[in-house]
Every structure is written in structure tokens, then in C-alpha cells.
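Below is one structure, written out as C-alpha cells, with a few remarks after it.
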Amino acid sequence: MALYSEKVMEHFRNPQNVGSIEDADGIGEVGNAACGDIMRVYLKIEDDIISDVKFETFGCGSAIASSSMATQMIKGKPLCEAEQLTNQAVAEALDGLPAHKLHCSVLAQEAVRAAVKDYYGKRGQKDGKIQV
Amino acid sequence: MIYADHAATTKMSRTAMDAMRLCMEETWGNPSSLHDVGQKAALALWSARERIAACIGACPEEIYFTSGGTEADNWAILSAAHEGAKKGKRHIVSTAFEHHAVLNCLQKLEKQGFEVELLDVHESGTVSWRQVAGAIRADTCLVTVMYANNEIGSILPVERIGAVCREKKVVFHTDAVQAAGYLPIAVGAQNIDMLSLSGHKFHGPKGIGVLYAGKGIVPEPLLAGGAQERGRRAGTENVPAAMGMAAALEEVCASMEVNRKKLVSLRDRLIAGLSAIPHAALNGERSNRLPGNVSFCFEGVEGESLLLLLDGRGICASSGSACTSGSLKPSHVLLAIGRSPEVAHGSLRLTLDAENTQEEVAEICRAVSESVERLRAMSPLWKDKVSGKKPFVL
Ligand SMILES: Cc1ncc(COP(=O)(O)O)c(C=O)c1O
Ligand SMILES: [Zn+2]
């Protein structure tokens with residue numbers, strides 16, 4: 001289908017980092033079933049580095065490819081970099097997305113950020129600090 | 001490649017192609033020209049009109065060529081509405097799951113002060129004549145109800161609805177774009193005042209359609225220009241397309257019964273195969289549907305990704321998920337028959353044709369089953385349903 005770039009199709013057909021992490025340090029979930037897209041991202045953090053990341057996605061080709069690309073882009077990276085991941089960067093790395101599909105890459109960015117936030121929240125509690 | 005998207009469009013038949021080529025070589029003139037070349041084209045156009053009329057039980061004078069089904073729908077609805085408004089009648093009855101060519105046209109009329117009543121189509125995807133009878137008022141100027149639905153293939157009782165309209169003296173239009181070639185059409189016996197057809201849905205060319213308007217109904221010209229189509233539709237006629245459409249329609253009508261038997265057997269085998277997938281449901285009723293239509297919802301998967309996986313295996317299908325339409329809402333048809341948005345996103349439409357085979361149906365069943373399984377394995381929604389966190393709907 002010419003709707004998507006070859007890169008998108010590559011990630012759609014062979015998504016990277018699919019699955020879950022049992023003892024994840026941070027989990028982020030965004031989207032809802034009624035809208036047709038749900039993304040869940042699991043993070044394993046060691047010394048503020050994302051040592052492992054997995055995702056589960058219910059959604060269109062663009063949503064699945066964006067999840068795959070986003071997780072690949074943050075794997076092995078410091079948390080502060082993951083926090084700054086933008087949907088533009090994800091879409092660019094996929095050689096672009098059709099205009100009406102950009103919202104699916106926004107979800108990938110939001111899921112990663114939600115997972116990082118969840119991690120900080122949990123750590124804050126463990127350290128006896130309240131993170132705001 | 002397995003093409004199972006015949007409700008979207010069909011490949012032109014050899015007969016239709018030959019008819020078009022012959023027309024382009026021999027009767028390529030302008031039917032409005034007085035000279036021999038022009039008059040040959042005029043004769044060809046008339047023969048196309050006669051042959052299409054014969055297929056639907058109409059007279060050639062009642063056939064108007066258009067640019068397709070969309071124009072025929074718009075033309076019928078706008079004409080009847082404007083005619084009604086002259087008599088102070090501004091109420092229109094239709095259904096919630098018409099094609100956008102009808103629904104968006106009605107929406108436009110609503111903005112102009114018309115009152116549009118969209119009948120509930122229930123889980124079965126149909127309306128009863130009683131619903132129509134109950135909705136008609138003294139100021140109703142038009143009832144427009146499709147013959148068969150493009151997405152779930154349900155068949156509506158047009159003959160009885162037409163009878164109600166006759167009795168109440170209200171104009172009845174039906175969008176028969178999906179029905180033509182698969183279901184018998186006889187405008188007289190079925191009490192139809194106006195009817196839309198589209199060439200490319202039955203192996204004819206794209207960009208041509210027909211509006212049938214019975215005697216006594218004068219479609220109001222939408223385009224200003226020449227006096228073509230008896231002064232009702234300006235613009236030089238697409239004679240080759242009209243010839244292709246006529247040839248295609250004759251062909252499908254001649255083999256309708258044979259094709260129907262074959263298709264029903266393919267369809268029912270496909271339905272049986274897909275029903276074996278857990279938490280899946282057929283949209284519409286099992287037998288009151290077009291002979292080639294299979295429409296399913298699969299819980300926990302999204303339709304577009306399912307289409308892409310099938311496309312990767314050489315299977316062409318379609319879906320009513322939001323992500324395939326470019327809008328944020330899933331198909332209005334699936335919502336109209338009571339599917340929740342979540343379930344409607346996981347829809348798959350397979351529309352077969354007499355050229356499809358039992359082997360292809362078996363391959364489709366395998367491919368769909370494996371693709372659904374693969375997508376469910378990575379779906380957080382499915383996972384939550386399996387673990388009991390969220391309820392199964394289907
Ligand atoms: C029920 C119905 N009405 C109208 C149309 C529009 O026909 P066309 O593509 O010829 O404009 C279609 C085709 O998509 C259809 O399925
Ligand atoms: Zn999407």
C-alpha cells in the first residue's frame with residue numbers, strides 16, 4: 001500500500017520490542033478503545049538509563065509502527081532523553097506519516113512520557129519524596 | 001492476489017471493455033451533432049439507454065446518464081426536495097446507514113431548512129415498511145431508502161416501502177448501487193419512482209451512473225449548460241462509458257441466478273470459517289444479505305492493521321475502522337446497527353464475486369484467523385479482556 005512509507009511497513013510487519021516486562025519500573029498507557037488506539041509502554045530503568053523497553057498496542061498500522069520506532073529510539077538512552085522524545089522525531093524516523101495519521105505518533109510520544117512519569121512517581125514514593 | 005473488495009469496485013468485464021473500445025473506434029462522435037458521425041453516436045447512446053432500461057424494467061426515456069452513483073443520489077434527492085418545497089413540503093425520511101452520497105446530501109438540505117428523519121436500522125440492518133409508514137407525514141416530500149447496504153450487505157424491503165409511498169403519494173428513491181447485478185430490479189413492480197446505479201460496481205467502467213426517474217418525475221437540472229439528456233443534464237455524454245455500462249449490466253443480469261447460487265455457497269463457507277474465530281461476530285443477518293457480502297467484527301484488534309496484514313498476504317479487503325476512513329469515527333453503518341465504537345474499529349468487510357473460488361475462501365479464512373491472532377497477541381485491550389480486567393463484548 002502506498003499510503004505508508006517502506007519504513008513504516010517494515011516496522012509494522014516486524015515490530016521491535018513487542019511484549020511486556022513483568023517487573024517494569026514504569027508503565028504508561030494512553031488512548032482508549034473507543035478511539036481505536038491504545039498504547040502501553042513498559043520501562044526497565046538502571047541508573048537512569050532505559051535498559052529495556054517493551055510495548056503493546058491496539059491500533060492501526062501507523063500506531064504499531066510508531067510504537068515500534070519510539071521504543072527503539074529510547075532503548076539504552078538516558079531517561080531525560082526519553083522525556084524529550086517528540087512525535088515529530090518519531091514520524092521523521094519513519095520517513096513521514098500521512099497527515100491524518102500523525103495523531104497515532106502523538107500517542108507513542110505520550111505513552112513513553114506517561115511511562116517515565118510513572119517511574120518517577122514510583123521512585124518518589126520509594127525515596128519518601130513526592131514528585132510533582 | 002485474492003480480490004475480495006467487490007463492493008468498493010470491480011474489474012471491468014471483457015464484454016464491457018470490448019463495447020467501449022468498439023464505441024471509441026466507431027461511434028466516437030458527439031451525439032448532439034447533426035451529421036452522420038454524430039448521429040451514429042446518438043444511436044449508440046440510445047441503444048445503451050434502451051438496454052439499461054430493459055434490465056430494470058424501465059422505459060429508455062426514464063434513464064438519465066450521470067457521472068456515477070454519487071451524482072445520481074444527489075440529483076434524485078435535491079430534485080425531489082426542491083419540488084417538495086414548492087408545495088411547502090420539507091420533510092424527508094431516510095435511514096441511519098445510507099451511503100455518504102445520500103447522508104451528506106440530506107445534511108446539506110437540513111441546513112437549508114428541511115427536516116430529515118433517519119430511521120433506526122436495528123441490529124439486523126434493515127427497516128420495516130411499518131417504520132416508513134409511521135414516519136411519513138402530510139409534509140413529507142421524499143422517502144429515500146437504499147436497496148442493499150454497501151458495508152454489511154443487508155437487503156431492505158424496497159417493494160413494500162415503495163407500496164407505502166405510493167399509497168401516501170410520496171416520492172420514493174432507492175440507492176440500488178450495491179444491489180444491481182445481484183438482486184432483481186423491476187422499478188414498476190417494486191413501486192420505485194427514482195433509482196441510482198453506478199457502472200463500476202458490476203464490472204462496468206467508473207465515472208458513469210444512471211438515475212432512473214419515472215414518468216411524471218422531472219429531475220431538476222443541477223448543471224447549467226447544453227440541452228443533453230433531454231435538457232436535464234448538461235454536458236456531452238460519455239458515450240463509451242454508457243456503452244460499457246450497458247454491456248456490463250446486461251451481462252450480470254443474464255447470469256444473476258447462476259452467480260447468486262455460486263456466491264451464496266462461497267459466502268456461507270466464508271462466514272462459517274470466520275465464525276470459528278473466538279470473540280468475532282457477523283454484522284447483519286446471516287441470510288438477508290447480498291450474496292457476496294461478509295462483514296465481521298473481531299474484538300481486540302483494529303481494522304486497518306488487519307487490512308495491512310491481509311494485504312501483505314495478497315488479500316484485498318476493506319474495513320469500517322476510523323483509521324481506514326481518515327476520520328476519527330468508525331463506520332456510521334456499524335454504529336447504526338448498534339456496534340460499540342470499540343468493536344466497530346475491529347471490522348472487516350470481504351465482498352466476493354462469481355470469479356472468486358472455494359480455494360480463495362479457504363485461504364482468506366486461514367489468513368484472517370492468523371492475522372487476528374497475531375494482532376491480539378500484541379493488543380493491550382485483548383490482554384485485559386483475557387485477564388478479566390475488561391469484559392468481552394462479543
Ligand atoms: C450504496 C452506494 N451508493 C453510492 C455510491 C457511490 O457511487 P459512485 O462511486 O459511482 O459515485 C456507492 C459506491 O461507493 C455505494 O456503495
Ligand atoms: Zn491510527
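Quick note on naming: the chains in the C-alpha cells go A, B, ... in the order shown, residues restart at 1 in each chain, and ligands are numbered from 1 in order of appearance.
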
Worksheet item: Can you list, as a PyMOL selection string, every residue of range 270-352 of chain B that DSSP puts in alpha helix (DSSP H)?
Response: chain B and resi 270-275+303-312+322-325+332-336+341-344

Item to complete: Please provide the set of residues having any atom within 8 Å of Val333 in chain B, restricted to only C-alpha atoms, with same-chain residues fewer than 6 positions apart removed, written as a ChimeraX atom specification.
Response: /B:96-98,151-152

Only C-alpha atoms, please: the residues just picked out, written as a PDB file, in the first residue's frame.
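Saved result, again-v7.pdb, follows:
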ATOM      1  CA  ALA B  96     -29.317   5.991   9.514  1.00  0.00           C
ATOM      2  CA  PHE B  97     -26.986   3.857   7.414  1.00  0.00           C
ATOM      3  CA  GLU B  98     -27.272   5.227   3.890  1.00  0.00           C
ATOM      4  CA  GLU B 151     -20.974  -2.290   4.174  1.00  0.00           C
ATOM      5  CA  ILE B 152     -22.969  -5.074   5.812  1.00  0.00           C
TER       6      ILE B 152
END

Fill in: 9 Å contacts from chain B to chain A using only C-alpha atoms, as a count of residues only
35

Per-residue nearest contacts chain B to ligand 1, cut-off 7 Å, using only C-alpha atoms and all ligand atoms, as JSON lines:
{"residue": "B:Ala7", "atom": "CA", "partner": "ligand 1", "partner_atom_place_in_ligand_line": "16 (O)", "distance": 6.5}
{"residue": "B:Ala8", "atom": "CA", "partner": "ligand 1", "partner_atom_place_in_ligand_line": "14 (O)", "distance": 5.9}
{"residue": "B:Gly68", "atom": "CA", "partner": "ligand 1", "partner_atom_place_in_ligand_line": "10 (O)", "distance": 3.7}
{"residue": "B:Gly69", "atom": "CA", "partner": "ligand 1", "partner_atom_place_in_ligand_line": "7 (O)", "distance": 3.5}
{"residue": "B:Thr70", "atom": "CA", "partner": "ligand 1", "partner_atom_place_in_ligand_line": "11 (O)", "distance": 3.7}
{"residue": "B:Glu71", "atom": "CA", "partner": "ligand 1", "partner_atom_place_in_ligand_line": "11 (O)", "distance": 6.4}
{"residue": "B:Asp73", "atom": "CA", "partner": "ligand 1", "partner_atom_place_in_ligand_line": "4 (C)", "distance": 7.0}
{"residue": "B:Glu98", "atom": "CA", "partner": "ligand 1", "partner_atom_place_in_ligand_line": "1 (C)", "distance": 6.9}
{"residue": "B:His99", "atom": "CA", "partner": "ligand 1", "partner_atom_place_in_ligand_line": "1 (C)", "distance": 5.1}
{"residue": "B:Ala101", "atom": "CA", "partner": "ligand 1", "partner_atom_place_in_ligand_line": "4 (C)", "distance": 5.7}
{"residue": "B:Met146", "atom": "CA", "partner": "ligand 1", "partner_atom_place_in_ligand_line": "1 (C)", "distance": 6.9}
{"residue": "B:Asn149", "atom": "CA", "partner": "ligand 1", "partner_atom_place_in_ligand_line": "1 (C)", "distance": 6.0}
{"residue": "B:Asn150", "atom": "CA", "partner": "ligand 1", "partner_atom_place_in_ligand_line": "16 (O)", "distance": 4.6}
{"residue": "B:Asp175", "atom": "CA", "partner": "ligand 1", "partner_atom_place_in_ligand_line": "3 (N)", "distance": 5.9}
{"residue": "B:Ala176", "atom": "CA", "partner": "ligand 1", "partner_atom_place_in_ligand_line": "1 (C)", "distance": 6.7}
{"residue": "B:Val177", "atom": "CA", "partner": "ligand 1", "partner_atom_place_in_ligand_line": "2 (C)", "distance": 5.0}
{"residue": "B:Gln178", "atom": "CA", "partner": "ligand 1", "partner_atom_place_in_ligand_line": "1 (C)", "distance": 5.3}
{"residue": "B:Ser198", "atom": "CA", "partner": "ligand 1", "partner_atom_place_in_ligand_line": "10 (O)", "distance": 4.5}
{"residue": "B:Gly199", "atom": "CA", "partner": "ligand 1", "partner_atom_place_in_ligand_line": "10 (O)", "distance": 6.7}
{"residue": "B:His200", "atom": "CA", "partner": "ligand 1", "partner_atom_place_in_ligand_line": "10 (O)", "distance": 6.6}
{"residue": "B:Lys206", "atom": "CA", "partner": "ligand 1", "partner_atom_place_in_ligand_line": "10 (O)", "distance": 6.7}
{"residue": "B:Gly207", "atom": "CA", "partner": "ligand 1", "partner_atom_place_in_ligand_line": "10 (O)", "distance": 6.1}
{"residue": "B:Ile208", "atom": "CA", "partner": "ligand 1", "partner_atom_place_in_ligand_line": "10 (O)", "distance": 6.6}
{"residue": "B:Gly209", "atom": "CA", "partner": "ligand 1", "partner_atom_place_in_ligand_line": "10 (O)", "distance": 6.1}

Discussion item. What's around range 159-171 of chain B at 7 Å? Count only C-alpha atoms, leave out sequence neighbours fewer than 5 positions away in its own chain, and write the answer as a PyMOL selection string.
Written reply: chain B and resi 129+132-133+140-143+190-193

For N, CA and C atoms, I'd like the residues from the last selection saved as a short mmCIF file (atom, residue, chain, number, x, y, z; two decimals), in the first residue's frame.
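After the write, out_11.cif holds the following:
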data_model
loop_
_atom_site.label_atom_id
_atom_site.label_comp_id
_atom_site.auth_asym_id
_atom_site.auth_seq_id
_atom_site.Cartn_x
_atom_site.Cartn_y
_atom_site.Cartn_z
N TRP B 129 -41.49 -1.70 6.48
CA TRP B 129 -42.38 -0.76 5.81
C TRP B 129 -43.23 -0.03 6.84
N VAL B 132 -41.52 3.06 7.97
CA VAL B 132 -41.64 4.10 6.95
C VAL B 132 -43.04 4.70 6.99
N ALA B 133 -44.05 3.83 7.06
CA ALA B 133 -45.43 4.31 7.10
C ALA B 133 -45.64 5.23 8.29
N THR B 140 -44.28 15.31 4.02
CA THR B 140 -43.13 14.52 3.56
C THR B 140 -43.05 14.60 2.03
N CYS B 141 -41.88 15.00 1.53
CA CYS B 141 -41.73 15.13 0.08
C CYS B 141 -40.91 13.99 -0.52
N LEU B 142 -40.20 13.23 0.32
CA LEU B 142 -39.33 12.19 -0.22
C LEU B 142 -39.03 11.11 0.83
N VAL B 143 -39.04 9.86 0.35
CA VAL B 143 -38.51 8.76 1.15
C VAL B 143 -37.34 8.21 0.35
N GLN B 190 -41.74 -2.91 -8.23
CA GLN B 190 -41.22 -2.57 -6.91
C GLN B 190 -41.62 -1.16 -6.46
N ASN B 191 -42.49 -0.53 -7.21
CA ASN B 191 -43.03 0.79 -6.81
C ASN B 191 -41.94 1.84 -6.60
N ILE B 192 -40.94 1.82 -7.45
CA ILE B 192 -39.81 2.74 -7.31
C ILE B 192 -39.99 3.94 -8.24
N ASP B 193 -39.89 5.15 -7.69
CA ASP B 193 -40.01 6.37 -8.50
C ASP B 193 -38.66 6.80 -9.05
#

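Interatomic distance, CA of Glu251 in chain B against CA of Ala58 in chain B: 17.4 Å.
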
Fill in: Gap from CA of Val127 in chain B to CA of Phe392 in chain B - Å, one decimal
28.6 Å

Worksheet item: Mind checking DSSP for range 15-249 of chain B and telling me the strand (DSSP E or B) residues as a VMD selection string?
Response: chain B and resid 63 to 66 91 to 95 115 to 119 140 to 144 148 154 to 155 171 to 175 180 183 194 to 198 209 to 213

Practice prompt. Could you give me, as a VMD selection string, the residues within 7 Å of Glu123 in chain B, counting only C-alpha atoms and dropping anything in the same chain fewer than 4 positions from it?
Written response: chain B and resid 284 337 to 338

Using only C-alpha atoms, please write the residues we just selected to a file, as a PDB file, in the first residue's frame.
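Heads up, here's the output in out.pdb:
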ATOM      1  CA  GLY B 284     -26.087  -8.093   9.878  1.00  0.00           C
ATOM      2  CA  ILE B 337     -26.615  -1.399  13.833  1.00  0.00           C
ATOM      3  CA  GLY B 338     -25.602  -0.996  17.459  1.00  0.00           C
TER       4      GLY B 338
END

Discussion item. Need to verify the contact set: Gln228 in chain B, 12 Å, only C-alpha atoms, exclusion of same-chain residues closer than 2 positions in sequence. Can you return it as an NGL selection string?
Written reply: :B and (30-33 or 42 or 45 or 64-66 or 221 or 223-226 or 230-238)

Write to file, as a short mmCIF file (atom, residue, chain, number, x, y, z; two decimals), in the first residue's frame, the residues of the selection just made, with C-alpha atoms.
data_model
loop_
_atom_site.label_atom_id
_atom_site.label_comp_id
_atom_site.auth_asym_id
_atom_site.auth_seq_id
_atom_site.Cartn_x
_atom_site.Cartn_y
_atom_site.Cartn_z
CA ASN B 30 -20.82 13.93 -30.37
CA PRO B 31 -24.42 12.72 -30.05
CA SER B 32 -25.63 16.33 -30.39
CA SER B 33 -24.06 16.76 -33.84
CA ALA B 42 -26.58 9.32 -30.74
CA LEU B 45 -26.20 6.19 -26.73
CA TYR B 64 -30.54 9.69 -17.30
CA PHE B 65 -26.81 9.15 -17.51
CA THR B 66 -24.74 10.71 -14.72
CA PRO B 221 -31.04 20.22 -13.78
CA LEU B 223 -25.67 21.82 -14.09
CA ALA B 224 -26.22 24.83 -16.32
CA GLY B 225 -25.24 24.19 -19.92
CA GLY B 226 -26.37 22.41 -23.07
CA ARG B 230 -33.48 15.92 -22.74
CA GLY B 231 -32.43 19.21 -21.25
CA ARG B 232 -31.94 17.83 -17.75
CA ARG B 233 -28.23 17.09 -17.56
CA ALA B 234 -25.87 19.37 -19.42
CA GLY B 235 -22.54 18.19 -20.84
CA THR B 236 -21.53 16.00 -23.76
CA GLU B 237 -22.47 12.45 -22.89
CA ASN B 238 -19.78 9.85 -22.09
#

Lys11 in chain B environment, 12 Å, only C-alpha atoms, sequence neighbours closer than 3 positions dropped, as a compact mmCIF listing (two decimals) with N, CA, C and O atoms, in the first residue's frame:
# COMPACT_ATOMS: atom_id res chain seq x y z
N TYR B 3 -8.76 -10.88 -4.73
CA TYR B 3 -9.52 -9.64 -4.63
C TYR B 3 -10.87 -9.94 -3.97
O TYR B 3 -11.68 -10.67 -4.55
N ALA B 4 -11.07 -9.41 -2.79
CA ALA B 4 -12.33 -9.63 -2.06
C ALA B 4 -12.88 -8.29 -1.60
O ALA B 4 -13.27 -8.11 -0.45
N ASP B 5 -12.88 -7.34 -2.52
CA ASP B 5 -13.37 -5.99 -2.20
C ASP B 5 -14.27 -5.49 -3.32
O ASP B 5 -14.16 -4.34 -3.77
N HIS B 6 -15.17 -6.37 -3.77
CA HIS B 6 -16.02 -6.03 -4.91
C HIS B 6 -17.08 -4.98 -4.62
O HIS B 6 -17.65 -4.42 -5.54
N ALA B 7 -17.33 -4.70 -3.34
CA ALA B 7 -18.27 -3.63 -3.03
C ALA B 7 -17.60 -2.27 -3.24
O ALA B 7 -18.28 -1.26 -3.41
N ALA B 8 -16.27 -2.24 -3.21
CA ALA B 8 -15.55 -0.98 -3.47
C ALA B 8 -15.55 -0.70 -4.97
O ALA B 8 -15.93 0.37 -5.42
N ARG B 14 -14.62 -8.30 -19.82
CA ARG B 14 -14.11 -8.28 -21.20
C ARG B 14 -15.18 -7.70 -22.13
O ARG B 14 -14.90 -6.89 -23.00
N THR B 15 -16.43 -8.09 -21.89
CA THR B 15 -17.55 -7.61 -22.71
C THR B 15 -17.65 -6.08 -22.63
O THR B 15 -17.86 -5.41 -23.65
N ALA B 16 -17.52 -5.54 -21.42
CA ALA B 16 -17.64 -4.09 -21.24
C ALA B 16 -16.47 -3.38 -21.94
O ALA B 16 -16.65 -2.36 -22.60
N MET B 17 -15.26 -3.96 -21.79
CA MET B 17 -14.09 -3.35 -22.43
C MET B 17 -14.25 -3.35 -23.95
O MET B 17 -13.96 -2.36 -24.61
N GLY B 199 -21.94 2.33 -12.62
CA GLY B 199 -21.37 1.36 -13.54
C GLY B 199 -20.27 0.47 -12.98
O GLY B 199 -20.20 -0.72 -13.29
N HIS B 200 -19.43 1.04 -12.12
CA HIS B 200 -18.23 0.28 -11.74
C HIS B 200 -18.46 -0.79 -10.68
O HIS B 200 -17.54 -1.53 -10.32
N LYS B 201 -19.69 -0.89 -10.17
CA LYS B 201 -19.95 -1.90 -9.14
C LYS B 201 -20.33 -3.24 -9.76
O LYS B 201 -20.46 -4.24 -9.06
N PHE B 202 -20.58 -3.26 -11.06
CA PHE B 202 -20.93 -4.55 -11.69
C PHE B 202 -20.11 -4.79 -12.96
O PHE B 202 -20.62 -5.21 -13.99
N HIS B 203 -18.82 -4.51 -12.87
CA HIS B 203 -17.87 -4.79 -13.95
C HIS B 203 -18.00 -3.86 -15.15
O HIS B 203 -17.54 -4.18 -16.24
N GLY B 204 -18.60 -2.70 -14.92
CA GLY B 204 -18.62 -1.66 -15.94
C GLY B 204 -17.56 -0.62 -15.60
O GLY B 204 -16.79 -0.79 -14.66
N PRO B 205 -17.52 0.46 -16.38
CA PRO B 205 -16.50 1.49 -16.13
C PRO B 205 -16.84 2.41 -14.95
O PRO B 205 -17.99 2.51 -14.55
N LYS B 206 -15.83 3.06 -14.42
CA LYS B 206 -16.01 4.05 -13.36
C LYS B 206 -16.41 5.39 -13.96
O LYS B 206 -16.17 5.65 -15.14
N ALA B 248 -22.07 -4.31 -19.44
CA ALA B 248 -21.79 -4.96 -18.16
C ALA B 248 -23.08 -5.32 -17.43
O ALA B 248 -23.21 -6.42 -16.88
N ASP B 353 -17.15 -12.15 -5.46
CA ASP B 353 -17.71 -12.08 -6.80
C ASP B 353 -17.69 -13.49 -7.36
O ASP B 353 -16.98 -14.36 -6.85
N GLU B 355 -16.19 -14.72 -9.62
CA GLU B 355 -14.88 -15.21 -10.04
C GLU B 355 -14.05 -15.75 -8.88
O GLU B 355 -13.03 -16.40 -9.10

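The closest residue to ligand 2, picked from A:Lys122, A:His11, A:His103, A:Lys117 and counting only C-alpha atoms and all ligand atoms, is A:His103.
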
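Residue neighbourhood of Asn87 in chain A, excluding near-sequence residues (fewer than 5 positions): Ser66, Ala70, Glu92, Leu102, His103, Cys104, Ser105, Val106, Leu107, Ala108, Gln109 and Glu110 of chain A, at 9 Å, using only C-alpha atoms.
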